[in-house]
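Below: the structure, in structure tokens.
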Amino acid sequence: MGSETHCSIEAIWRIEAAKIIAALTRRVRDVGLAEELAQDALVAALEQWPRDGVPVNPAAWLMAAAKHRAIDHFRHRALHERKEAELTWEIEAQLADGAPPAPGASLEDPVGDDLLRLVFIACHPVLSREARVALTLRLLGGLTTDEIGRAFLVAEPTVAQRIVRAKRSLAEARVPFEVPEAGELAKRLSSVLEVIYLIFNEGYSATAGDDWTRPELCGEALRLGRILAGLMADEPEVHGLVALMEIQASRLHARLGPDGEPVLLMDQNRARWDRLLIRRGLAALARADALGGAYGPYALQAAIAACHARAADAAQTDWVRIAALYDALAQLTPSPVVELNRAVALAMAFGPAAGLDVVDALADEPALRHYHLLPSVRGDLLQRLGRDAEAAVEFRRAATLTRNLRERNLLLDRARRCAGL
Amino acid sequence: MRFMIIVKATRDSEAGVMPGEKLLAEMGAYHEELARAGVLLDGTGLKPSSAGWRVRYHGKERSVIDGPFTESKELIAGYTLIQVKSREEALEWTRRFPNPVGEGMDAEIEVRQLFELDDFGPSEAVDRMREIGMGTAG
């Protein structure tokens with residue numbers, strides 16, 4: 001009975017945590033304090049529910065408990081600082097049920113509004129990328145520091161420290177609890193989308209460790225993306241990112257061979273692609289398109305993923321269209337990685353030699369010096385041109401650069417086969 | 001992991017009676033909450049069984065039987081497909097499902113977990129099912 005209640009508390013917490021933290025942050029104006037208060041409410045639930053049973057409306061119970069903790073907190077502080085007593089009354093009034101919402105909060109939907117502001121706080125550019133990722137998973141995903149640590153192969157105390165420091169930085173920078181104004185929105189939104197996509201990518205191809213993918217992390221990013229799409233339904237790039245993640249996630253299981261080894265896109269059994277996710281991805285892409293966002297960076301990447309999703313097999317893929325989409329992407333967000341992908345598309349559309357020209361132009365690119373996919377792609381093109389000995393050298397070089405064990409084995413295997421061993 | 005919330009048919013749903021405004025609003029609000037939490041995948045209502053049919057297998061023969069069918073408790077009136085992190089989370093969400101015929105009335109919904117690809121062992125038959133996209137995971 002006890003452990004059963006524990007499981008349901010955990011589940012309720014996952015559903016409610018972000019909403020409670022967001023609502024508290026609106027009132028106490030400090031995300032760190034809000035999270036502590038919410039945690040206190042969780043502890044109270046863990047103490048009382050196994051004894052008294054789970055309340056009929058657990059969300060309201062947790063919210064009320066957190067508010068009581070908030071009032072206690074300010075009372076204690078007021079005892080030490082008598083002169084703040086008046087402020088305390090004000091806060092008590094604000095925390096009480098039925099209090100008028102803070103200025104700017106939508107009357108119709110304070111929860112959605114609060115959540116959205118919490119997203120923007122957690123992904124604030126004043127924080128390092130790592131801190132943004134950890135804080136987002138913590139505040140919005142309801143993940144424990146231990147879970148975040150395991151997902152990113154970082155020691156638990158490191159994650160805890162990152163989160164503590166992030167909360168302190170936000171408090172020191174006096175980051176307001178608000179959705180940025182129109183002028184600032186695009187820049188800040190791109191930080192939010194970047195954080196979600198970083199989480200997804202870490203799940204999709206783990207940068208380090210023994211596993212090639214961490215599907216749970218993909219699921220979490222997808223959930224966060226879908227939440228954001230609900231909160232910002234008019235922003236095409238949000239739908240673009242969701243489309244990209246849905247379509248990529250549809251391939252997750254086809255990317256793993258029977259022994260957990262990676263299977264590359266061209267070799268994947270397309271029958272194993274998840275049709276429901278593809279359908280959802282194409283629908284999200286259509287929404288981005290309808291909102292006039294067909295040429296946003298995420299929508300473009302989603303459109304590329306959609307070309308693969310629509311093709312019955314690798315040979316029937318519309319490579320000319322993919323090459324054109326990469327062209328557009330390279331103009332919008334020029335980067336050596338995009339260029340490398342464009343090379344692959346060109347090779348598929350117009351032959352390996354066309355791709356090799358682009359790859360060779362990237363040879364001295366400092367940003368790609370330690371990027372294993374450069375020699376890996378070059379090796380692939382050389383092999384297709386029948387230059388096996390050169391290809392083997394490239395595959396071996398790529399193997400020394402990747403930190404993922406599964407990928408290293410795959411590359412070494414290709415090198416051996418090229419060398420005729 | 002994915003779960004299907006199955007709403008059982010009633011005499012009203014079988015008679016094609018459309019749900020009232022209040023019930024529609026409750027269902028809408030609930031599904032909105034699912035969508036906002038990022039767990040809603042799909043869902044819809046099914047038309048009465050009078051618009052459907054069954055195929056019965058007997059020996060080597062098969063016969064088509066037109067609806068409606070009588071045992072409405074065993075019929076399905078709609079479904080909601082969700083994707084969550086744990087069985088407990090699914091349980092918690094389904095606890096919050098509005099009474100599908102209106103508060104205060106007797107009704108039942110059923111929740112079933114979907115098979116995912118990983119649940120099947122390696123087998124030729126399973127591979128063939130995969131070829132048509134069955135049991136894919138997400």
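Ordering of the structure tokens sets the chain letters (A, B, ...), residue numbers begin anew at 1 in every chain, and ligands are numbered from 1 in the order given.
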- [ ] Considering only C-alpha atoms, return as a VMD selection string whatever protein or nucleic-acid residues lie within 7 Å of range 288-303 of chain A, sequence-local ones (same chain, fewer than 4 positions apart) excluded.
- [x] chain A and resid 236 to 237 239 to 241 243 to 244 284 307 325 329
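The residue set within 6 Å of range 130-145 of chain A, counting only C-alpha atoms and dropping same-chain residues fewer than 6 places from it, reads A:Arg14, A:Ala18, A:Ala122, A:Cys123, A:Glu156, A:Val159, A:Ala160, A:Arg162, A:Ile163, A:Ala166, A:Val195.
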Could you write those residues out with N, CA and C atoms, as a PDB file, in the first residue's frame?
```pdb
ATOM      1  N   ARG A  14       4.805  14.510 -11.202  1.00  0.00           N
ATOM      2  CA  ARG A  14       5.268  14.744 -12.576  1.00  0.00           C
ATOM      3  C   ARG A  14       4.251  15.577 -13.352  1.00  0.00           C
ATOM      4  N   ALA A  18       5.401  21.356 -12.492  1.00  0.00           N
ATOM      5  CA  ALA A  18       5.693  22.578 -13.246  1.00  0.00           C
ATOM      6  C   ALA A  18       4.622  23.635 -13.014  1.00  0.00           C
ATOM      7  N   ALA A 122      13.527  29.352 -17.277  1.00  0.00           N
ATOM      8  CA  ALA A 122      14.436  28.212 -17.236  1.00  0.00           C
ATOM      9  C   ALA A 122      15.435  28.252 -18.396  1.00  0.00           C
ATOM     10  N   CYS A 123      15.029  28.822 -19.528  1.00  0.00           N
ATOM     11  CA  CYS A 123      15.899  28.869 -20.711  1.00  0.00           C
ATOM     12  C   CYS A 123      16.515  30.254 -20.893  1.00  0.00           C
ATOM     13  N   GLU A 156      25.673  13.282  -9.993  1.00  0.00           N
ATOM     14  CA  GLU A 156      24.500  13.924  -9.416  1.00  0.00           C
ATOM     15  C   GLU A 156      24.830  15.241  -8.703  1.00  0.00           C
ATOM     16  N   VAL A 159      25.121  18.102 -11.126  1.00  0.00           N
ATOM     17  CA  VAL A 159      23.832  18.600 -11.605  1.00  0.00           C
ATOM     18  C   VAL A 159      23.190  19.486 -10.537  1.00  0.00           C
ATOM     19  N   ALA A 160      23.211  18.990  -9.276  1.00  0.00           N
ATOM     20  CA  ALA A 160      22.604  19.743  -8.177  1.00  0.00           C
ATOM     21  C   ALA A 160      23.251  21.123  -8.071  1.00  0.00           C
ATOM     22  N   ARG A 162      24.859  22.780 -10.428  1.00  0.00           N
ATOM     23  CA  ARG A 162      24.491  23.567 -11.593  1.00  0.00           C
ATOM     24  C   ARG A 162      23.141  24.239 -11.379  1.00  0.00           C
ATOM     25  N   ILE A 163      22.211  23.474 -10.825  1.00  0.00           N
ATOM     26  CA  ILE A 163      20.856  24.001 -10.633  1.00  0.00           C
ATOM     27  C   ILE A 163      20.840  25.085  -9.563  1.00  0.00           C
ATOM     28  N   ALA A 166      22.360  28.097 -11.052  1.00  0.00           N
ATOM     29  CA  ALA A 166      21.458  28.704 -12.044  1.00  0.00           C
ATOM     30  C   ALA A 166      20.392  29.527 -11.352  1.00  0.00           C
ATOM     31  N   VAL A 195      17.249  24.745 -26.318  1.00  0.00           N
ATOM     32  CA  VAL A 195      17.360  23.894 -25.136  1.00  0.00           C
ATOM     33  C   VAL A 195      16.571  22.600 -25.327  1.00  0.00           C
TER      34      VAL A 195
END
```
- [ ] Find the distance between CA of Phe115 in chain B and CA of Ile12 in chain A and write it in Å to one decimal.
- [x]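 If I compute the distance from CA of Phe115 in chain B to CA of Ile12 in chain A, I get 24.2 Å.
Each of A:Ala221, A:Ala349, A:Ala78, A:Ala398 was compared to chain B using only C-alpha atoms, and A:Ala221 turns out to be the nearest.
Any residue of chain A with an atom within 6 Å of chain B counts; using only C-alpha atoms, that gives Ser8, Ala11, Arg223, Arg226, Ile227, Gly230, Ala271 and Asp274 of chain A.
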Open item on the list: Restricting the calculation to only C-alpha atoms: of B:Ala51, B:Gly45, B:Asp12, B:Gly20, which residue gets closest to Ala107 in chain B?
Closed with: B:Asp12
- [ ] Determine which residues of chain B DSSP labels as helix (DSSP H, G or I) from the backbone of this structure, then write them out as a PyMOL selection string.
- [x] chain B and resi 11-14+21-36+49-51+72-74+87-95+117-119+124-131
TODO: Run DSSP on the backbone of this structure and report the residues of chain B it assigns to strand (DSSP E), as an NGL selection string.
DONE: :B and (2-8 or 40-45 or 53-58 or 61-66 or 76-83 or 109-113)
TODO: Could you give me, as a PyMOL selection string, the residues within 12 Å of Ala15 in chain B, counting only C-alpha atoms and dropping anything in the same chain fewer than 6 positions from it?
DONE: chain B and resi 9+47-51+67-70+72+77
Task: Contacts of Val111 in chain B within 10 Å, only C-alpha atoms, excl. fewer than 4 positions in-chain, as a PyMOL selection string - done: chain B and resi 3-7+79-81+90-91+94
- [ ] Record the distance separating CA of Phe350 in chain A and CA of Leu385 in chain A, expressed in Å with one decimal.
- [x]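 Taking CA of Phe350 in chain A and CA of Leu385 in chain A, their separation equals 12.9 Å.
With only C-alpha atoms as the atoms that count, the minimum distance from Pro55 in chain A to the choices A:Glu36, A:Thr5, A:Asn269, A:Ala229 is reached by A:Thr5.
As for CA of Ser205 in chain A and CA of Lys167 in chain A, they are spaced 28.8 Å apart.
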TODO: For Pro19 in chain B, please output as number ranges by chain all residues within 9 Å (counting only C-alpha atoms; exclusion window: fewer than 6 positions along the same chain).
DONE: B: 12-13, 100-102
